[in-house]
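A quick write-up on the structure given underneath.
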Amino acid sequence: MLLTVTNLNAGYRRVPVIKDIDFTLAAGQILGLIGLNGAGKSTLLKTILGLLPPLQGQVAVGGVTINENHQAYASQIAYIPEVPILYEELTLKEHLEMTALGYGLAIETVMERAMPLLKMFRLDQHLDWFPIHFSKGMKQKVMITCALVTDAKLFIIDEPFLGLDPIAIRDFIQLLKDKASQGCGILLTTHMLSTTADFCDGYLLLSQGHLVGQGSLSDLQAQFELADADLDDIYIAMAQGQIGRGFEPKEALLKEANQAGDRHD
Ligand SMILES: Nc1ncnc2c1ncn2[C@@H]1O[C@H](COP(=O)(O)OP(=O)(O)OP(=O)(O)O)[C@@H](O)[C@H]1O
């Protein structure tokens with residue numbers, strides 16, 4: 001399994017924000033992490049990235065935990081943050097060179113991989129530009145390019161589409177699908193729910209720090225007894241507290257009622 005999250009609790013100043021999280025992500029799979037503002041999505045991503053230590057449980061990437069082998073763990077992961085993190089004093093080319101150094105790749109290899117991406121994103125003429133010259137979307141494209149040129153197996157992406165124009169969104173989705181078909185795994189958060197139907201294999205529903213549902217859209221429809229619901233409907237039901245923690249499928253309630261009946265007989 002590419003990513004295994006087991007019984008994970010994590011948070012800030014020893015106060016758990018995400019609780020009892022269990023899921024796996026296989027090679028070739030794209031999972032959408034869905035939840036309201038403050039549900040704990042970024043906290044979960046930060047814990048997987050090793051930026052926040054777990055309060056309980058563990059995360060393994062390719063069977064390795066961060067404590068077992070920090071270098072082997074980190075080199076398997078590429079991260080695209082919600083807000084682009086670029087160094088003001090480095091040009092676009094120097095960001096790519098820094099990525100090559102960070103991942104132990106030859107600079108020529110990285111440049112060879114980067115050029116088609118930069119062409120696609122119309123940044124190939126701007127290798128000597130500094131971040132101050134780039135628009136928000138262009139900065140995001142630099143982050144995407146730096147992530148995609150690595151040999152990472154697991155891509156962690158926080159709100160990938162923020163700041164991207166519709167053509168860049170379409171191109172980026174295709175690049176993610178290509179990575180998945182090459183055996184990489186992708187975990188991403190997004191509020192653009194309808195867009196995910198085109199490329200997510202499954203979803204993780206996070207509510208108040210708890211994983212309240214996981215699986216494909218049809219798995220979620222079955223779990224929450226919302227036949228024909230799309231992801232927006234499921235999200236709204238979760239926001240309104242109609243599903244999520246404490247949700248009992250009718251089947252479970254019926255079984256419970258029958259058992260209670262049996263006890264009274
Ligand atoms: N650095 C921090 N210190 C203390 N509490 C934090 C910190 N960052 C986040 N939190 C708290 O953790 C909870 C989960 O926040 P998180 O950023 O993980 O949510 P999210 O699901 O990513 O939200 P959004 O959709 O708004 O990005 C919130 O209650 C938030 O206030």
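Letters A, B, ... go to the chains of the structure tokens in the order shown; residues in each chain start at 1; ligands are counted from 1 in the same order.
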#### Entry: Site check for ligand 1: residues at most 9 Å away, only C-alpha atoms and all ligand atoms, as JSON, numbers by chain
{"A": [11, 12, 13, 15, 16, 17, 18, 34, 35, 36, 37, 38, 39, 40, 41, 42, 43, 44, 45, 46, 82, 158, 159, 189, 190, 191, 206, 207, 208, 209]}
### Task
as an MDAnalysis selection string, please: all residues of stretch 55-258 of chain A that backbone DSSP puts in alpha helix (DSSP H).
chainID A and resid 70:74 92:102 107:120 136:148 166:181 193:196 217:223 231:239 250:258
Dump C-alpha atoms for the selected residues as a PDB file, in the first residue's frame?
ATOM      1  CA  HIS A  70      13.111  10.308   7.380  1.00  0.00           C
ATOM      2  CA  GLN A  71      14.904  10.553   4.019  1.00  0.00           C
ATOM      3  CA  ALA A  72      13.182   7.510   2.467  1.00  0.00           C
ATOM      4  CA  TYR A  73       9.820   8.773   3.740  1.00  0.00           C
ATOM      5  CA  ALA A  74      10.176  12.373   2.539  1.00  0.00           C
ATOM      6  CA  LEU A  92      11.964  30.074 -11.760  1.00  0.00           C
ATOM      7  CA  LYS A  93      15.007  28.147 -13.072  1.00  0.00           C
ATOM      8  CA  GLU A  94      16.636  28.300  -9.648  1.00  0.00           C
ATOM      9  CA  HIS A  95      13.474  26.897  -8.055  1.00  0.00           C
ATOM     10  CA  LEU A  96      13.749  23.940 -10.422  1.00  0.00           C
ATOM     11  CA  GLU A  97      17.447  23.556  -9.573  1.00  0.00           C
ATOM     12  CA  MET A  98      16.570  23.592  -5.875  1.00  0.00           C
ATOM     13  CA  THR A  99      13.947  20.891  -6.480  1.00  0.00           C
ATOM     14  CA  ALA A 100      16.608  18.795  -8.256  1.00  0.00           C
ATOM     15  CA  LEU A 101      18.952  19.172  -5.255  1.00  0.00           C
ATOM     16  CA  GLY A 102      16.182  18.396  -2.750  1.00  0.00           C
ATOM     17  CA  ILE A 107      19.478  19.260 -12.995  1.00  0.00           C
ATOM     18  CA  GLU A 108      19.384  18.231 -16.692  1.00  0.00           C
ATOM     19  CA  THR A 109      16.760  15.558 -15.885  1.00  0.00           C
ATOM     20  CA  VAL A 110      14.623  18.070 -14.018  1.00  0.00           C
ATOM     21  CA  MET A 111      14.899  20.653 -16.827  1.00  0.00           C
ATOM     22  CA  GLU A 112      14.035  18.022 -19.442  1.00  0.00           C
ATOM     23  CA  ARG A 113      10.913  17.052 -17.465  1.00  0.00           C
ATOM     24  CA  ALA A 114      10.025  20.662 -16.681  1.00  0.00           C
ATOM     25  CA  MET A 115      10.134  22.138 -20.195  1.00  0.00           C
ATOM     26  CA  PRO A 116       6.942  20.485 -21.579  1.00  0.00           C
ATOM     27  CA  LEU A 117       5.113  21.451 -18.387  1.00  0.00           C
ATOM     28  CA  LEU A 118       6.373  25.027 -18.567  1.00  0.00           C
ATOM     29  CA  LYS A 119       5.326  25.192 -22.224  1.00  0.00           C
ATOM     30  CA  MET A 120       1.868  23.898 -21.336  1.00  0.00           C
ATOM     31  CA  LYS A 136      -1.067  34.133  -8.338  1.00  0.00           C
ATOM     32  CA  GLY A 137      -1.924  31.480 -10.933  1.00  0.00           C
ATOM     33  CA  MET A 138       1.601  31.567 -12.384  1.00  0.00           C
ATOM     34  CA  LYS A 139       3.062  31.003  -8.899  1.00  0.00           C
ATOM     35  CA  GLN A 140       0.741  28.024  -8.466  1.00  0.00           C
ATOM     36  CA  LYS A 141       1.926  26.671 -11.836  1.00  0.00           C
ATOM     37  CA  VAL A 142       5.546  26.942 -10.647  1.00  0.00           C
ATOM     38  CA  MET A 143       4.657  24.893  -7.540  1.00  0.00           C
ATOM     39  CA  ILE A 144       2.858  22.314  -9.689  1.00  0.00           C
ATOM     40  CA  THR A 145       5.819  22.052 -12.078  1.00  0.00           C
ATOM     41  CA  CYS A 146       8.323  21.660  -9.211  1.00  0.00           C
ATOM     42  CA  ALA A 147       6.201  18.832  -7.752  1.00  0.00           C
ATOM     43  CA  LEU A 148       5.600  17.001 -11.040  1.00  0.00           C
ATOM     44  CA  PRO A 166     -10.064  26.922 -16.545  1.00  0.00           C
ATOM     45  CA  ILE A 167      -7.526  25.788 -19.153  1.00  0.00           C
ATOM     46  CA  ALA A 168      -4.834  25.317 -16.521  1.00  0.00           C
ATOM     47  CA  ILE A 169      -7.342  23.367 -14.370  1.00  0.00           C
ATOM     48  CA  ARG A 170      -8.129  21.068 -17.301  1.00  0.00           C
ATOM     49  CA  ASP A 171      -4.414  20.567 -18.078  1.00  0.00           C
ATOM     50  CA  PHE A 172      -3.537  19.971 -14.429  1.00  0.00           C
ATOM     51  CA  ILE A 173      -6.293  17.356 -14.037  1.00  0.00           C
ATOM     52  CA  GLN A 174      -4.900  15.546 -17.080  1.00  0.00           C
ATOM     53  CA  LEU A 175      -1.393  15.660 -15.557  1.00  0.00           C
ATOM     54  CA  LEU A 176      -2.767  14.167 -12.314  1.00  0.00           C
ATOM     55  CA  LYS A 177      -4.501  11.398 -14.253  1.00  0.00           C
ATOM     56  CA  ASP A 178      -1.225  10.688 -16.109  1.00  0.00           C
ATOM     57  CA  LYS A 179       0.656  10.456 -12.779  1.00  0.00           C
ATOM     58  CA  ALA A 180      -1.970   8.068 -11.416  1.00  0.00           C
ATOM     59  CA  SER A 181      -1.783   5.893 -14.532  1.00  0.00           C
ATOM     60  CA  LEU A 193     -16.734  19.077  -5.650  1.00  0.00           C
ATOM     61  CA  SER A 194     -18.351  18.652  -9.064  1.00  0.00           C
ATOM     62  CA  THR A 195     -14.935  18.918 -10.769  1.00  0.00           C
ATOM     63  CA  THR A 196     -13.650  15.908  -8.801  1.00  0.00           C
ATOM     64  CA  LEU A 217     -19.553   8.078  -4.765  1.00  0.00           C
ATOM     65  CA  SER A 218     -21.713   4.941  -4.949  1.00  0.00           C
ATOM     66  CA  ASP A 219     -20.193   3.678  -1.668  1.00  0.00           C
ATOM     67  CA  LEU A 220     -21.107   7.004  -0.022  1.00  0.00           C
ATOM     68  CA  GLN A 221     -24.613   6.952  -1.514  1.00  0.00           C
ATOM     69  CA  ALA A 222     -25.093   3.474  -0.055  1.00  0.00           C
ATOM     70  CA  GLN A 223     -23.486   4.313   3.306  1.00  0.00           C
ATOM     71  CA  LEU A 231     -21.102  14.796  -4.010  1.00  0.00           C
ATOM     72  CA  ASP A 232     -22.602  18.274  -3.494  1.00  0.00           C
ATOM     73  CA  ASP A 233     -25.766  16.717  -1.989  1.00  0.00           C
ATOM     74  CA  ILE A 234     -23.682  14.504   0.299  1.00  0.00           C
ATOM     75  CA  TYR A 235     -21.545  17.471   1.348  1.00  0.00           C
ATOM     76  CA  ILE A 236     -24.628  19.573   2.137  1.00  0.00           C
ATOM     77  CA  ALA A 237     -26.139  16.698   4.139  1.00  0.00           C
ATOM     78  CA  MET A 238     -22.872  16.487   6.078  1.00  0.00           C
ATOM     79  CA  ALA A 239     -22.836  20.272   6.639  1.00  0.00           C
ATOM     80  CA  LYS A 250     -31.733   2.789   8.574  1.00  0.00           C
ATOM     81  CA  GLU A 251     -30.585  -0.831   8.300  1.00  0.00           C
ATOM     82  CA  ALA A 252     -28.560  -0.523  11.516  1.00  0.00           C
ATOM     83  CA  LEU A 253     -31.490   1.163  13.290  1.00  0.00           C
ATOM     84  CA  LEU A 254     -33.850  -1.585  12.103  1.00  0.00           C
ATOM     85  CA  LYS A 255     -31.429  -4.255  13.301  1.00  0.00           C
ATOM     86  CA  GLU A 256     -31.154  -2.510  16.671  1.00  0.00           C
ATOM     87  CA  ALA A 257     -34.950  -2.238  16.930  1.00  0.00           C
ATOM     88  CA  ASN A 258     -35.320  -5.925  16.043  1.00  0.00           C
TER      89      ASN A 258
END
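Omitting stretch 58-61 of chain A and its sequence neighbours fewer than 3 positions away, and counting only C-alpha atoms, the residues within 7 Å are Leu2, Leu3, Thr4, Val5, Thr6, Asn7, Leu8, Ile48, Pro54, Val64, Thr65 and Tyr73 of chain A.
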Selection above as a file: N, CA and C atoms, as a PDB file, in the first residue's frame:
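Generated output (selection.pdb):
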ATOM      1  N   LEU A   2       0.542   2.211  -0.835  1.00  0.00           N
ATOM      2  CA  LEU A   2       1.385   3.406  -0.936  1.00  0.00           C
ATOM      3  C   LEU A   2       1.306   4.273   0.335  1.00  0.00           C
ATOM      4  N   LEU A   3       0.085   4.507   0.810  1.00  0.00           N
ATOM      5  CA  LEU A   3      -0.088   5.318   2.032  1.00  0.00           C
ATOM      6  C   LEU A   3      -1.016   4.573   2.990  1.00  0.00           C
ATOM      7  N   THR A   4      -0.541   4.408   4.223  1.00  0.00           N
ATOM      8  CA  THR A   4      -1.373   3.754   5.244  1.00  0.00           C
ATOM      9  C   THR A   4      -1.434   4.662   6.464  1.00  0.00           C
ATOM     10  N   VAL A   5      -2.627   5.081   6.791  1.00  0.00           N
ATOM     11  CA  VAL A   5      -2.846   5.939   7.962  1.00  0.00           C
ATOM     12  C   VAL A   5      -3.607   5.095   8.985  1.00  0.00           C
ATOM     13  N   THR A   6      -3.012   4.945  10.172  1.00  0.00           N
ATOM     14  CA  THR A   6      -3.573   4.017  11.149  1.00  0.00           C
ATOM     15  C   THR A   6      -3.855   4.718  12.468  1.00  0.00           C
ATOM     16  N   ASN A   7      -5.114   4.696  12.867  1.00  0.00           N
ATOM     17  CA  ASN A   7      -5.510   5.144  14.209  1.00  0.00           C
ATOM     18  C   ASN A   7      -4.893   6.499  14.575  1.00  0.00           C
ATOM     19  N   LEU A   8      -4.940   7.410  13.620  1.00  0.00           N
ATOM     20  CA  LEU A   8      -4.169   8.662  13.743  1.00  0.00           C
ATOM     21  C   LEU A   8      -4.934   9.759  14.493  1.00  0.00           C
ATOM     22  N   ILE A  48       0.548  13.926   7.536  1.00  0.00           N
ATOM     23  CA  ILE A  48       1.096  12.972   6.556  1.00  0.00           C
ATOM     24  C   ILE A  48       2.446  13.474   6.041  1.00  0.00           C
ATOM     25  N   PRO A  54       2.318  12.942  14.984  1.00  0.00           N
ATOM     26  CA  PRO A  54       1.064  12.362  15.464  1.00  0.00           C
ATOM     27  C   PRO A  54       1.037  12.345  16.993  1.00  0.00           C
ATOM     28  N   VAL A  64       7.102   2.700   4.984  1.00  0.00           N
ATOM     29  CA  VAL A  64       8.115   3.311   5.862  1.00  0.00           C
ATOM     30  C   VAL A  64       7.480   4.442   6.657  1.00  0.00           C
ATOM     31  N   THR A  65       7.744   4.498   7.960  1.00  0.00           N
ATOM     32  CA  THR A  65       7.278   5.646   8.744  1.00  0.00           C
ATOM     33  C   THR A  65       8.401   6.680   8.800  1.00  0.00           C
ATOM     34  N   TYR A  73      11.220   8.350   3.611  1.00  0.00           N
ATOM     35  CA  TYR A  73       9.820   8.773   3.740  1.00  0.00           C
ATOM     36  C   TYR A  73       9.585  10.032   2.893  1.00  0.00           C
TER      37      TYR A  73
END
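Computed from the coordinates, the atom CA of A:Leu55 to atom CA of A:Ser75 distance equals 23.2 Å.
All residues of protein, DNA or RNA that reach within 8 Å of A:Cys200, judged by only C-alpha atoms and not counting those fewer than 6 positions away in the chain, are Gln29, Ile30, Leu31 and Gly32 of chain A.
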Saved selection, atoms kept: C-alpha atoms, as a short mmCIF file (atom, residue, chain, number, x, y, z; two decimals), in the first residue's frame:
data_model
loop_
_atom_site.label_atom_id
_atom_site.label_comp_id
_atom_site.auth_asym_id
_atom_site.auth_seq_id
_atom_site.Cartn_x
_atom_site.Cartn_y
_atom_site.Cartn_z
CA GLN A 29 -5.49 5.98 -6.84
CA ILE A 30 -6.71 9.58 -6.63
CA LEU A 31 -8.54 10.37 -3.38
CA GLY A 32 -10.41 13.60 -2.65
#
### Query
From the list A:Phe134, A:Ala26, A:Glu225, A:Leu105, which residue is nearest A:Arg122 when using only C-alpha atoms?
A:Phe134
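Nearest residue to A:Leu52, choosing from A:Arg14, A:Lys153, A:His210, A:Lys19 and counting only C-alpha atoms: A:Arg14.
The environment of A:Leu154 within 6 Å, counting only C-alpha atoms and disregarding residues fewer than 6 places along the same chain, consists of Ile77, Cys184, Gly185 and Ile186 of chain A.
We find atom CA of A:Ile156 and atom CA of A:Leu187 to be spaced 5.1 Å apart.
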### Message
Going by DSSP on the backbone, which residues of stretch 14-237 of chain A come out as strand (DSSP E)? List them as number ranges by chain.
### Response
A: 15-25, 30-35, 56-61, 64-65, 77-80, 154-158, 185-189, 202-207, 210-215
### Task
Counting only C-alpha atoms, figure out which residue out of A:Asp198, A:Ala10, A:Asp128, A:Pro53 gets nearest to A:Asn67.
A:Pro53
